[in-house]
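Undergrad: My structure is stored as run_13.cif, with mmCIF, C-alpha atoms.
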data_input
loop_
_atom_site.label_atom_id
_atom_site.label_comp_id
_atom_site.auth_asym_id
_atom_site.auth_seq_id
_atom_site.Cartn_x
_atom_site.Cartn_y
_atom_site.Cartn_z
CA MET R 1 -47.77 178.97 -143.47
CA ARG R 2 -50.82 181.20 -143.95
CA MET R 3 -54.44 180.73 -142.99
CA LYS R 4 -55.46 179.98 -146.56
CA MET R 5 -53.26 176.85 -146.41
CA LEU R 6 -54.48 175.75 -143.00
CA MET R 7 -58.18 176.60 -142.97
CA ARG R 8 -61.04 174.26 -143.64
CA CYS R 9 -63.56 175.21 -146.28
CA SER R 10 -66.67 176.24 -144.42
CA SER R 11 -69.51 173.79 -144.98
CA GLY R 12 -72.04 176.57 -145.56
CA THR R 13 -73.66 178.76 -142.96
CA VAL R 14 -76.58 178.47 -140.55
CA GLU R 15 -79.06 181.20 -139.69
CA ALA R 16 -79.06 182.45 -136.10
CA ARG R 17 -82.79 181.74 -135.73
CA GLU R 18 -82.45 178.15 -136.93
CA SER R 19 -83.09 175.43 -134.34
CA LEU R 20 -80.02 174.30 -132.42
CA ALA R 21 -80.95 170.65 -132.90
CA ALA R 22 -80.85 171.06 -136.70
CA ALA R 23 -77.56 172.96 -136.51
CA SER R 24 -76.11 170.23 -134.28
CA MET R 25 -76.86 167.71 -137.02
CA ARG R 26 -74.96 169.92 -139.47
CA LEU R 27 -72.09 170.11 -136.97
CA ALA R 28 -72.00 166.33 -136.69
CA SER R 29 -71.35 166.01 -140.42
CA ASP R 30 -68.82 168.85 -140.51
CA PRO R 31 -65.26 167.54 -140.25
CA GLY R 32 -64.14 170.68 -138.43
CA GLY R 33 -67.09 170.59 -136.01
CA CYS R 34 -67.68 174.29 -136.60
CA VAL R 35 -70.13 176.35 -138.69
CA VAL R 36 -70.43 180.04 -139.48
CA VAL R 37 -73.62 181.73 -138.24
CA THR R 38 -75.30 184.54 -140.18
CA ASP R 39 -78.21 186.78 -139.30
CA GLY R 40 -80.02 188.12 -142.33
CA GLY R 41 -76.95 187.57 -144.47
CA ARG R 42 -74.62 189.33 -142.03
CA LEU R 43 -71.92 187.49 -140.13
CA ALA R 44 -73.28 186.96 -136.60
CA GLY R 45 -71.08 184.38 -134.92
CA VAL R 46 -69.58 180.92 -134.95
CA LEU R 47 -70.96 177.68 -133.54
CA THR R 48 -68.85 174.71 -132.44
CA HIS R 49 -69.74 171.34 -130.91
CA ALA R 50 -68.65 172.58 -127.50
CA ASP R 51 -70.88 175.66 -127.77
CA ALA R 52 -73.87 173.54 -128.75
CA ARG R 53 -73.25 171.14 -125.87
CA ALA R 54 -72.77 173.94 -123.35
CA ALA R 55 -76.09 175.54 -124.32
CA GLY R 56 -78.06 172.33 -123.81
CA PRO R 57 -79.45 171.24 -120.45
CA SER R 58 -77.33 169.20 -118.07
CA THR R 59 -77.37 165.53 -118.91
CA VAL R 60 -77.82 164.58 -115.24
CA PRO R 61 -80.75 166.72 -114.15
CA SER R 62 -83.92 165.57 -112.46
CA LEU R 63 -85.72 165.78 -115.80
CA ALA R 64 -87.78 163.06 -117.35
CA VAL R 65 -86.31 161.61 -120.53
CA HIS R 66 -89.05 163.13 -122.70
CA GLU R 67 -88.41 166.61 -121.27
CA LEU R 68 -84.85 166.86 -122.65
CA PRO R 69 -85.81 166.96 -126.37
CA ALA R 70 -88.68 169.31 -125.55
CA LEU R 71 -86.27 171.76 -123.93
CA THR R 72 -83.52 171.50 -126.52
CA SER R 73 -85.96 171.92 -129.42
CA ARG R 74 -86.76 175.43 -128.15
CA LEU R 75 -83.12 176.50 -128.34
CA THR R 76 -81.92 178.36 -131.41
CA VAL R 77 -78.44 178.77 -132.82
CA ALA R 78 -78.40 182.32 -131.44
CA ASP R 79 -78.67 180.92 -127.89
CA ALA R 80 -75.53 178.83 -128.30
CA MET R 81 -73.27 180.61 -130.79
CA ARG R 82 -70.25 182.70 -129.94
CA ARG R 83 -71.14 186.26 -130.85
CA ASP R 84 -68.56 188.66 -132.09
CA PRO R 85 -66.43 185.88 -133.59
CA VAL R 86 -62.69 185.97 -134.13
CA VAL R 87 -62.15 186.94 -137.76
CA VAL R 88 -58.74 186.60 -139.39
CA PRO R 89 -57.67 187.46 -142.93
CA SER R 90 -56.64 184.60 -145.21
CA ASP R 91 -53.04 185.83 -145.27
CA ALA R 92 -52.71 185.85 -141.45
CA THR R 93 -50.24 183.44 -139.85
CA PRO R 94 -51.25 180.58 -137.51
CA ALA R 95 -49.61 182.52 -134.68
CA ASP R 96 -51.90 185.53 -135.35
CA ALA R 97 -54.98 183.30 -135.28
CA ALA R 98 -53.83 181.38 -132.18
CA ARG R 99 -53.11 184.62 -130.34
CA ALA R 100 -56.56 186.00 -131.19
CA LEU R 101 -58.35 182.80 -130.14
CA ARG R 102 -56.40 182.58 -126.90
CA THR R 103 -57.02 186.21 -125.99
CA ARG R 104 -60.76 185.95 -126.56
CA GLY R 105 -61.18 182.36 -125.28
CA HIS R 106 -62.75 181.16 -128.55
CA ARG R 107 -62.28 177.74 -130.14
CA ALA R 108 -62.71 178.66 -133.81
CA ALA R 109 -61.97 181.63 -136.04
CA ILE R 110 -63.56 182.67 -139.31
CA VAL R 111 -61.20 183.22 -142.23
CA VAL R 112 -62.13 186.02 -144.63
CA ASP R 113 -60.80 187.25 -147.93
CA GLY R 114 -61.83 190.89 -147.99
CA SER R 115 -65.44 190.77 -146.81
CA GLU R 116 -66.11 187.24 -148.05
CA VAL R 117 -66.02 184.26 -145.64
CA VAL R 118 -63.71 181.64 -147.18
CA GLY R 119 -63.25 179.16 -144.36
CA VAL R 120 -62.89 178.40 -140.68
CA VAL R 121 -59.92 177.39 -138.57
CA THR R 122 -60.24 175.62 -135.22
CA ALA R 123 -57.92 175.34 -132.24
CA THR R 124 -57.36 171.69 -133.26
CA ASP R 125 -56.19 172.79 -136.73
CA LEU R 126 -53.74 175.22 -135.13
CA LEU R 127 -52.52 172.52 -132.75
CA GLY R 128 -51.94 170.25 -135.76
CA ALA R 129 -49.86 172.96 -137.44
CA LEU R 130 -47.87 173.40 -134.23
CA VAL R 131 -47.19 169.66 -133.95
CA GLN R 132 -46.04 169.60 -137.59
CA ARG R 133 -43.68 172.48 -136.96
CA LEU R 134 -42.27 170.95 -133.78
CA GLU R 135 -41.74 167.63 -135.53
CA ARG R 136 -39.97 169.38 -138.40
CA GLU R 137 -37.60 170.98 -135.91
CA THR R 138 -37.20 167.80 -133.86
CA PRO R 139 -38.15 164.77 -135.98
CA PRO R 140 -39.87 162.01 -134.02
CA ARG R 141 -37.45 159.26 -133.08
CA LEU R 142 -37.55 156.02 -131.22
CA SER R 143 -35.83 156.42 -127.87
CA ARG R 144 -35.97 152.94 -126.31
CA LEU R 145 -35.58 149.66 -128.18
CA LEU R 146 -35.35 146.12 -126.92
CA VAL R 147 -33.76 143.22 -128.77
CA ALA R 148 -34.27 139.67 -127.58
CA VAL R 149 -31.16 137.59 -128.13
CA SER R 150 -30.64 133.87 -127.81
CA LEU R 151 -27.41 132.55 -126.32
CA ALA R 152 -28.37 128.94 -126.83
CA ALA R 153 -27.01 128.88 -130.37
CA ALA R 154 -23.59 129.93 -131.56
CA PRO R 155 -22.99 133.69 -131.81
CA SER R 156 -22.86 133.30 -135.56
CA ARG R 157 -26.45 132.05 -135.66
CA ARG R 158 -27.78 134.19 -138.43
CA SER R 159 -31.30 135.07 -137.31
CA SER R 160 -30.18 136.17 -133.86
CA ARG R 161 -27.23 138.02 -135.42
CA THR R 162 -29.54 139.75 -137.90
CA ALA R 163 -31.91 140.86 -135.15
CA LEU R 164 -29.04 142.32 -133.12
CA ASP R 165 -27.43 144.06 -136.11
CA LEU R 166 -30.78 145.46 -137.22
CA ALA R 167 -31.57 146.68 -133.70
CA LEU R 168 -28.13 148.28 -133.42
CA GLY R 169 -28.62 149.96 -136.81
CA ILE R 170 -31.99 151.38 -135.79
CA ALA R 171 -30.68 152.46 -132.38
CA ARG R 172 -27.75 154.29 -134.02
CA ARG R 173 -30.02 156.11 -136.48
CA HIS R 174 -32.48 157.08 -133.79
CA ARG R 175 -29.83 157.69 -131.10
CA ALA R 176 -31.91 155.35 -128.95
CA THR R 177 -31.07 153.28 -125.90
CA LEU R 178 -30.99 149.59 -126.78
CA THR R 179 -31.70 146.92 -124.18
CA LEU R 180 -30.09 143.62 -125.07
CA LEU R 181 -32.24 141.00 -123.36
CA HIS R 182 -31.63 137.33 -122.87
CA VAL R 183 -34.08 135.12 -121.00
CA MET R 184 -32.47 132.11 -119.28
CA ARG R 185 -34.48 129.05 -118.50
CA GLY R 186 -33.50 127.29 -115.29
CA LEU R 187 -32.03 130.38 -113.69
CA SER R 188 -33.45 131.20 -110.30
CA LEU R 189 -35.59 134.31 -110.37
CA ARG R 190 -34.06 135.38 -107.06
CA VAL R 191 -30.53 135.13 -108.46
CA ALA R 192 -31.52 137.07 -111.58
CA GLU R 193 -32.84 139.78 -109.30
CA GLY R 194 -29.62 139.79 -107.26
CA LEU R 195 -30.97 138.00 -104.19
CA PRO R 196 -29.43 134.94 -102.45
CA ALA R 197 -31.05 131.70 -103.59
CA GLY R 198 -29.91 128.63 -101.74
CA VAL R 199 -26.97 126.29 -102.17
CA ASP R 200 -26.71 126.43 -105.96
CA ALA R 201 -26.70 130.21 -105.92
CA ASP R 202 -22.99 130.44 -106.73
CA VAL R 203 -23.40 128.27 -109.83
CA GLN R 204 -26.36 130.27 -110.95
CA ARG R 205 -24.56 133.58 -110.35
CA TRP R 206 -21.68 132.26 -112.44
CA ARG R 207 -24.14 131.40 -115.26
CA LEU R 208 -25.66 134.84 -115.00
CA ALA R 209 -22.24 136.54 -115.18
CA GLN R 210 -21.29 134.36 -118.17
CA ALA R 211 -24.50 135.27 -119.96
CA ARG R 212 -23.99 138.98 -119.35
CA ALA R 213 -20.40 138.79 -120.58
CA ALA R 214 -21.48 136.86 -123.69
CA LEU R 215 -24.11 139.47 -124.48
CA VAL R 216 -21.66 142.35 -124.07
CA ARG R 217 -19.17 140.60 -126.38
CA ARG R 218 -21.78 140.59 -129.14
CA VAL R 219 -21.97 144.38 -129.16
CA PRO R 220 -19.29 146.29 -131.09
CA PRO R 221 -17.19 148.36 -128.64
CA GLU R 222 -18.24 151.66 -130.27
CA ASP R 223 -21.92 150.87 -129.60
CA ARG R 224 -21.60 149.75 -125.98
CA SER R 225 -22.42 153.17 -124.56
CA MET R 226 -25.96 153.03 -125.95
CA VAL R 227 -26.59 149.41 -124.96
CA ARG R 228 -27.68 148.02 -121.62
CA VAL R 229 -27.70 144.30 -120.95
CA ASP R 230 -30.51 142.52 -119.15
CA VAL R 231 -30.70 138.83 -118.28
CA ARG R 232 -33.96 137.48 -116.95
CA ALA R 233 -35.09 134.14 -115.67
CA GLY R 234 -38.10 132.11 -116.68
CA ASP R 235 -40.42 131.81 -119.64
CA ILE R 236 -39.06 133.47 -122.80
CA VAL R 237 -42.23 135.24 -123.92
CA GLU R 238 -43.05 136.45 -120.41
CA GLY R 239 -39.44 137.58 -119.95
CA VAL R 240 -39.36 139.57 -123.20
CA LEU R 241 -42.75 141.16 -122.57
CA GLY R 242 -41.74 141.97 -118.98
CA GLY R 243 -38.47 143.48 -120.23
CA ALA R 244 -40.33 145.58 -122.79
CA ALA R 245 -42.78 146.82 -120.18
CA SER R 246 -40.14 147.64 -117.57
CA THR R 247 -37.86 149.48 -120.02
CA GLY R 248 -40.74 151.27 -121.75
CA ALA R 249 -39.56 149.86 -125.08
CA GLU R 250 -41.11 151.41 -128.18
CA LEU R 251 -40.00 148.58 -130.44
CA ILE R 252 -39.11 144.94 -129.79
CA VAL R 253 -36.74 143.29 -132.26
CA VAL R 254 -36.70 139.51 -132.29
CA GLY R 255 -34.87 136.96 -134.36
CA GLY R 256 -35.69 133.30 -134.48
CA ARG R 257 -37.28 130.90 -136.88
CA PRO R 258 -39.74 132.64 -139.19
CA GLY R 259 -43.26 132.10 -137.92
CA ALA R 260 -42.04 130.50 -134.71
CA SER R 261 -44.78 130.28 -132.11
CA LEU R 262 -42.73 132.35 -129.64
CA VAL R 263 -42.49 135.24 -132.11
CA ARG R 264 -46.20 135.05 -132.88
CA GLU R 265 -47.04 134.97 -129.19
CA MET R 266 -44.92 138.07 -128.60
CA MET R 267 -46.61 139.87 -131.48
CA ARG R 268 -50.03 139.15 -130.03
CA ARG R 269 -49.20 140.37 -126.53
CA ALA R 270 -46.45 142.97 -126.91
CA PRO R 271 -47.06 146.47 -125.50
CA CYS R 272 -45.39 147.92 -128.61
CA PRO R 273 -44.79 146.82 -132.23
CA VAL R 274 -42.55 143.81 -132.85
CA LEU R 275 -39.99 143.63 -135.64
CA ALA R 276 -39.34 140.02 -136.63
CA ALA R 277 -35.87 140.16 -138.20
CA MET F 1 -32.09 134.48 -143.02
CA ARG F 2 -34.36 137.40 -143.71
CA ARG F 3 -32.85 139.58 -146.39
CA CYS F 4 -32.18 143.23 -145.70
CA THR F 5 -30.37 145.11 -148.43
CA THR F 6 -29.18 148.14 -146.47
CA VAL F 7 -25.94 146.66 -145.21
CA ASN F 8 -22.66 147.91 -143.83
CA ASP F 9 -19.26 147.37 -145.46
CA LYS F 10 -19.11 143.87 -143.95
CA GLY F 11 -22.41 142.94 -145.54
CA VAL F 12 -24.26 142.98 -142.21
CA PRO F 13 -27.77 144.48 -142.37
CA ILE F 14 -28.00 147.68 -140.38
CA MET F 15 -31.20 149.44 -141.34
CA PHE F 16 -34.00 149.37 -143.82
CA ARG F 17 -35.26 152.31 -145.81
CA ARG F 18 -37.78 150.81 -148.23
CA VAL F 19 -40.82 149.61 -146.38
CA LEU F 20 -43.96 148.08 -147.84
CA VAL F 21 -46.96 149.02 -145.68
CA VAL F 22 -49.80 146.54 -146.05
CA LEU F 23 -53.25 148.04 -145.49
CA ASP F 24 -56.85 147.10 -146.08
CA ALA F 25 -60.00 149.14 -146.51
CA GLY F 26 -60.47 149.65 -142.76
CA PRO F 27 -59.03 152.18 -140.33
CA VAL F 28 -57.49 149.59 -137.98
CA ALA F 29 -54.74 148.61 -140.43
CA ARG F 30 -53.71 152.28 -140.70
CA ARG F 31 -52.44 152.19 -137.12
CA ILE F 32 -49.11 150.95 -138.45
CA VAL F 33 -48.55 154.16 -140.43
CA PRO F 34 -47.46 156.37 -137.47
CA TRP F 35 -44.90 153.72 -136.45
CA VAL F 36 -43.50 153.44 -139.97
CA ARG F 37 -43.33 157.22 -140.15
CA ARG F 38 -41.47 157.40 -136.85
CA LEU F 39 -39.09 154.63 -137.88
CA LEU F 40 -38.29 156.05 -141.31
CA ILE F 41 -38.18 159.83 -140.85
CA PRO F 42 -34.59 159.80 -139.53
CA VAL F 43 -33.43 157.78 -142.57
CA HIS F 44 -35.58 159.65 -145.15
CA GLY F 45 -37.17 156.36 -146.10
CA ASP F 46 -39.19 155.19 -149.04
CA VAL F 47 -42.69 153.86 -148.35
CA ARG F 48 -45.06 151.95 -150.57
CA LEU F 49 -48.64 151.86 -149.34
CA LEU F 50 -50.37 148.73 -150.51
CA VAL F 51 -54.09 148.14 -150.08
CA VAL F 52 -55.19 144.59 -150.82
CA LEU F 53 -58.93 144.17 -151.26
CA PRO F 54 -61.04 141.06 -151.80
CA PRO F 55 -61.69 140.41 -155.51
CA GLY F 56 -64.89 141.98 -156.85
CA ARG F 57 -67.96 139.84 -157.38
CA THR F 58 -70.70 140.18 -159.94
CA VAL F 59 -73.97 141.05 -158.23
CA THR F 60 -77.13 139.72 -159.84
CA ALA F 61 -80.82 139.88 -159.00
CA GLY F 62 -82.63 137.11 -160.80
CA SER F 63 -81.54 137.30 -164.41
CA ARG F 64 -80.42 140.95 -164.11
CA THR F 65 -76.81 141.87 -163.47
CA LEU F 66 -76.70 144.78 -161.08
CA LEU F 67 -72.94 145.15 -160.85
CA TYR F 68 -70.11 143.52 -162.75
CA ALA F 69 -67.04 142.42 -160.82
CA ASN F 70 -64.79 144.92 -162.57
CA GLN F 71 -67.21 147.76 -161.79
CA GLY F 72 -67.17 146.83 -158.12
CA GLU F 73 -63.37 146.67 -158.17
CA ASP F 74 -63.14 150.07 -159.88
CA ALA F 75 -65.36 151.64 -157.22
CA ALA F 76 -63.40 149.98 -154.41
CA ARG F 77 -60.11 151.05 -156.03
CA ASP F 78 -61.29 154.66 -156.25
CA ALA F 79 -62.42 154.71 -152.61
CA ALA F 80 -59.16 153.14 -151.40
CA GLY F 81 -57.19 155.53 -153.61
CA VAL F 82 -58.76 158.54 -151.90
CA ALA F 83 -57.86 157.20 -148.44
CA LEU F 84 -54.32 156.37 -149.60
CA ALA F 85 -53.83 159.84 -151.07
CA ALA F 86 -54.49 161.43 -147.68
CA ILE F 87 -52.01 159.13 -145.90
CA ALA F 88 -49.43 159.61 -148.67
CA ALA F 89 -49.72 163.39 -148.49
CA GLN F 90 -49.02 163.37 -144.77
CA LEU F 91 -45.99 161.09 -145.18
CA ARG F 92 -44.65 163.26 -148.01
CA ASP F 93 -44.95 166.29 -145.74
CA ASP F 94 -42.64 164.43 -143.37
CA GLY F 95 -40.01 164.06 -146.08
CA LEU F 96 -40.64 160.44 -147.01
CA ALA F 97 -40.87 159.19 -150.59
CA VAL F 98 -44.30 157.60 -150.98
CA SER F 99 -45.99 155.55 -153.66
CA SER F 100 -49.23 153.65 -153.41
CA GLU F 101 -51.00 150.75 -155.03
CA VAL F 102 -54.38 149.02 -154.77
CA ARG F 103 -54.53 145.32 -155.61
CA PHE F 104 -57.13 142.59 -155.38
CA GLY F 105 -56.58 139.06 -154.15
CA ASP F 106 -55.20 137.16 -151.18
CA PRO F 107 -53.53 139.79 -148.95
CA GLY F 108 -50.60 137.63 -147.86
CA ALA F 109 -49.66 136.39 -151.32
CA VAL F 110 -50.15 139.79 -152.95
CA ALA F 111 -48.09 141.56 -150.26
CA LEU F 112 -45.19 139.12 -150.71
CA ASP F 113 -45.33 139.50 -154.50
CA VAL F 114 -45.34 143.29 -154.33
CA ALA F 115 -42.55 143.30 -151.73
CA GLN F 116 -40.36 141.26 -154.03
CA ALA F 117 -41.23 143.18 -157.20
CA TRP F 118 -40.72 146.58 -155.56
CA GLY F 119 -37.52 145.58 -153.75
CA ALA F 120 -38.86 146.20 -150.26
CA GLU F 121 -36.43 145.85 -147.37
CA ALA F 122 -39.15 145.33 -144.78
CA ILE F 123 -42.89 144.81 -144.55
CA ALA F 124 -45.09 146.57 -142.00
CA LEU F 125 -48.67 145.75 -141.05
CA VAL F 126 -51.17 145.52 -138.24
CA ASP F 127 -52.13 142.09 -136.99
CA VAL F 128 -55.89 142.38 -137.42
CA PRO F 129 -57.34 139.47 -135.47
CA THR F 130 -59.86 137.22 -137.17
CA ARG F 131 -62.94 136.37 -135.16
CA GLY F 132 -65.26 133.45 -134.68
CA VAL F 133 -64.74 130.21 -136.56
CA ARG F 134 -62.33 131.84 -139.01
CA ARG F 135 -59.91 132.35 -136.11
CA TRP F 136 -59.53 128.59 -135.84
CA LEU F 137 -59.75 127.74 -139.52
CA THR F 138 -57.51 130.38 -141.06
CA ARG F 139 -54.28 132.12 -140.23
CA SER F 140 -54.16 135.87 -139.95
CA VAL F 141 -52.50 137.82 -142.76
CA ALA F 142 -49.75 138.82 -140.32
CA ASP F 143 -49.05 135.17 -139.45
CA GLU F 144 -48.81 134.26 -143.11
CA ILE F 145 -46.48 137.12 -143.96
CA VAL F 146 -44.26 136.59 -140.91
CA GLN F 147 -43.95 132.92 -141.77
CA LYS F 148 -43.28 133.28 -145.48
CA SER F 149 -41.47 136.59 -145.81
CA PRO F 150 -37.70 136.60 -146.25
CA LEU F 151 -37.75 140.24 -145.10
CA PRO F 152 -37.98 141.75 -141.62
CA VAL F 153 -41.65 142.21 -140.71
CA LEU F 154 -42.88 144.97 -138.41
CA VAL F 155 -46.16 144.00 -136.76
CA ALA F 156 -48.32 146.19 -134.54
CA ARG F 157 -51.38 145.01 -132.70
CA ALA F 158 -54.84 146.21 -133.60
CA SER F 159 -55.48 147.40 -130.05
CA GLY F 160 -53.95 147.58 -126.61
CA GLN F 161 -50.61 148.97 -127.71
CA ARG F 162 -49.08 152.33 -127.00
CA ALA F 163 -49.58 154.99 -129.67
CA ALA F 164 -46.67 155.98 -131.90
#
Show how you would write the structure in this file as structure tokens.
TA:
Amino acid sequence: MRMKMLMRCSSGTVEARESLAAASMRLASDPGGCVVVTDGGRLAGVLTHADARAAGPSTVPSLAVHELPALTSRLTVADAMRRDPVVVPSDATPADAARALRTRGHRAAIVVDGSEVVGVVTATDLLGALVQRLERETPPRLSRLLVAVSLAAAPSRRSSRTALDLALGIARRHRATLTLLHVMRGLSLRVAEGLPAGVDADVQRWRLAQARAALVRRVPPEDRSMVRVDVRAGDIVEGVLGGAASTGAELIVVGGRPGASLVREMMRRAPCPVLAA
Amino acid sequence: MRRCTTVNDKGVPIMFRRVLVVLDAGPVARRIVPWVRRLLIPVHGDVRLLVVLPPGRTVTAGSRTLLYANQGEDAARDAAGVALAAIAAQLRDDGLAVSSEVRFGDPGAVALDVAQAWGAEAIALVDVPTRGVRRWLTRSVADEIVQKSPLPVLVARASGQRAA
């Protein structure tokens, strides 16, 4: 990629003797937040938002409110601009421009074709190009999914089955870790967390073990290495949202009756998007 | 059961590739795009961007007609088309097949119609909350689509969720 592909078209120029307040208004409407400064038709510098802000008075001084505009109105573009700007030819690479900006500590470079200014490129533009390149080399993937599964119905229950199959399909494609979560009502929270919980603890531990085994059986053997099973106690929505938060899930997959209030409640409160399968 | 046409040899749905992304004229609804992108890049998916806008209305002042409904719709279509083109270009850069469409009408009904006609395998949208009295009188578009769609529906929240 060359500068001519990456640069922004410069939104005109400002004169060095122009008031900084007027130039700041131009900057506000410039999508790149950067304008080229000329002095009598000659290239004199470059002005960015950060430069304009740095040249202004502190926002927490012991000045009266009316004194701030009075002071800033006296400033000109020449007081704030970066002199001796970084200039790169339009056929330079992003790496050339980034190296030049980094060496000189500037935030924007002027792109020229011969002696004519054709555009500007900012550090943000270069960062965008870098992100694009990194993503091309390593495409963004989901790394942690959570699927909420019901054990109340038969394993063949289609909506729950669909959610699990869909979640497994996505996890395979993204090489993601899939948490298979079931929330049991009536199970002691202490037992679910592995703590002793009174006289019925053995029964509850048996239920917990049964639930875990049933969940594992639903996963094809070849997929078990990417799946972890979690059984929680309590309210279903709270359990699923808690599971998503604790596993850092990037996507929750849920089955269930279309439009069911539980699904809608999860969608409204989930820390990540919800896929209703 | 919600239908998903990308199935394995046993007929079990395993992944979707064709996703209908439902947008409106505002920036909030576009928050679903990074998630769809992230979900579909590994499968080289096919995205249709659908903007559904309220039908145009004729604007009159006294006996003078200032703007006909179709003129208003044309202007809104052009503006939405420009925004869609920018999103589509970015998704194409990521290797996704992208098409876009601007329609007028009830967002839920139009989205379901387009999903069926286009052969979508999933629908993606942001749950934009309604405010005030409308919150109690009407369902959100997301609620309507989740309830009526036979397809998997990916829903992101308008705020308070992690970024893609």
Undergrad: Please identify every residue of chain R that has at least one atom no farther than 8 Å from an atom of chain F, counting all atoms listed in the file, and for each give the shortest atom pair and the distance in Å to one decimal, arranged by chain then increasing number, as a tab-separated table.
TA:
residue	atom	partner	partner_atom	distance
R:Arg136	CA	F:Asp94	CA	7.5
R:Pro139	CA	F:Ile41	CA	6.9
R:Pro140	CA	F:Arg38	CA	5.6
R:Arg141	CA	F:Arg38	CA	5.8
R:Leu142	CA	F:Leu39	CA	7.0
R:Arg158	CA	F:Met1	CA	6.3
R:Ser159	CA	F:Met1	CA	5.8
R:Thr162	CA	F:Pro13	CA	6.7
R:Asp165	CA	F:Ile14	CA	5.6
R:Leu166	CA	F:Ile14	CA	4.8
R:Ala167	CA	F:Ile14	CA	7.6
R:Leu168	CA	F:Ile14	CA	7.0
R:Gly169	CA	F:Ile14	CA	4.3
R:Ile170	CA	F:Met15	CA	5.9
R:Arg173	CA	F:Pro42	CA	6.6
R:His174	CA	F:Pro42	CA	6.7
R:Pro258	CA	F:Gln147	CA	4.9
R:Gly259	CA	F:Gln147	CA	4.0
R:Ala260	CA	F:Gln147	CA	7.7
R:Arg264	CA	F:Asp143	CA	7.2
R:Met267	CA	F:Val155	CA	6.7
R:Arg268	CA	F:Arg157	CA	6.6
R:Ala270	CA	F:Gln161	CA	7.3
R:Pro271	CA	F:Gln161	CA	4.9
R:Cys272	CA	F:Gln161	CA	5.4
R:Pro273	CA	F:Ala156	CA	4.3
R:Val274	CA	F:Val155	CA	5.3
R:Leu275	CA	F:Leu154	CA	4.2
R:Ala276	CA	F:Val153	CA	5.2
R:Ala277	CA	F:Pro152	CA	4.3
Undergrad: Give me the residues within 8 Å of F:Val19 as a ChimeraX atom specification, counting all atoms listed in the file and dropping any in the same chain fewer than 6 places off.
TA: /F:36,45-48,120-124
Undergrad: Just how far from atom CA of R:Ala16 is atom CA of R:Thr122, in Å to one decimal?
TA: 20.0 Å
Undergrad: Extract, using only C-alpha atoms, all DNA, RNA and protein residues at most 9 Å from R:Ser143, discarding same-chain residues fewer than 3 positions from it, and format them as a short mmCIF file (atom, residue, chain, number, x, y, z; two decimals) with C-alpha atoms, keeping the file's coordinate frame.
TA:
data_model
loop_
_atom_site.label_atom_id
_atom_site.label_comp_id
_atom_site.auth_asym_id
_atom_site.auth_seq_id
_atom_site.Cartn_x
_atom_site.Cartn_y
_atom_site.Cartn_z
CA ALA R 171 -30.68 152.46 -132.38
CA HIS R 174 -32.48 157.08 -133.79
CA ARG R 175 -29.83 157.69 -131.10
CA ALA R 176 -31.91 155.35 -128.95
CA THR R 177 -31.07 153.28 -125.90
CA LEU R 178 -30.99 149.59 -126.78
CA ALA R 249 -39.56 149.86 -125.08
CA GLU R 250 -41.11 151.41 -128.18
#
Undergrad: What does the distance from atom CA of F:Asp74 to atom CA of F:Ala25 come to in Å, to one decimal?
TA: 13.8 Å
Undergrad: Pick out the closest residue to R:Val229 from this set: R:Ala244, R:Gly105, R:Arg217, R:Thr179. Count all atoms listed in the file.
TA: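 Residue with the minimum atom-to-atom distance to R:Val229: R:Thr179.
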Undergrad: If the PyMOL selection byres ((chain R and resi 32) around 8) is run on the structure shown, which residues does it catch, given as a PyMOL selection string?
TA: chain R and resi 8+30-31+33-34+121-122
Undergrad: Please identify all polymer residues within 8 Å of R:Pro85, counting only C-alpha atoms, omitting same-chain residues fewer than 2 positions from it, and present them as a list of chain:residue names.
TA: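 Once the nearby chain positions are removed, what remains is R:Ala44, R:Gly45, R:Val46, R:Arg82, R:Arg83, R:Val87, R:His106, R:Ala109, R:Ile110.
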Undergrad: Report the residues retrieved by the PyMOL selection byres ((chain R and resi 149) around 7) from the displayed file, expressed as a ChimeraX atom specification.
TA: /R:147-148,150-151,160,180-182
Undergrad: Could you work out how far atom CA of R:Gly41 lies from atom CA of R:Arg17, giving the answer in Å with one decimal?
TA: 12.0 Å
Undergrad: Neighbours of F:Pro54 within 10 Å (all atoms listed in the file; same-chain residues fewer than 4 positions away dropped), as a ChimeraX atom specification?
TA: /F:24-25,73,76,103-107
Undergrad: Can those selected residues be exported to a file as a tab-separated table (two decimals), keeping the file's coordinate frame so that it contains C-alpha atoms?
TA:
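Result file follows (part.tsv):
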chain	number	residue	atom	x	y	z
F	24	ASP	CA	-56.85	147.10	-146.08
F	25	ALA	CA	-60.00	149.14	-146.51
F	73	GLU	CA	-63.37	146.67	-158.17
F	76	ALA	CA	-63.40	149.98	-154.41
F	103	ARG	CA	-54.53	145.32	-155.61
F	104	PHE	CA	-57.13	142.59	-155.38
F	105	GLY	CA	-56.58	139.06	-154.15
F	106	ASP	CA	-55.20	137.16	-151.18
F	107	PRO	CA	-53.53	139.79	-148.95
Undergrad: Using only C-alpha atoms, find the one residue out of F:Arg64, F:Arg92, F:Arg77, F:Arg18 that sits nearest to F:Gln116.
TA: F:Arg18
Undergrad: Please expand the PyMOL selection byres ((chain R and resi 26-29) around 10) into the concrete residues it hits in this file, giving the result as a VMD selection string.
TA: chain R and resid 11 to 14 20 to 25 30 to 35 47 to 49 52
Undergrad: Can you tell me which residues surround F:Leu67 at a distance of at most 9 Å, considering all atoms listed in the file, apart from same-chain residues fewer than 4 positions away, and format the answer as a list in words?
TA: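 These residues fall inside the cut-off: Arg57, Thr58, Val59, Thr60, Gln71 and Gly72 of chain F.
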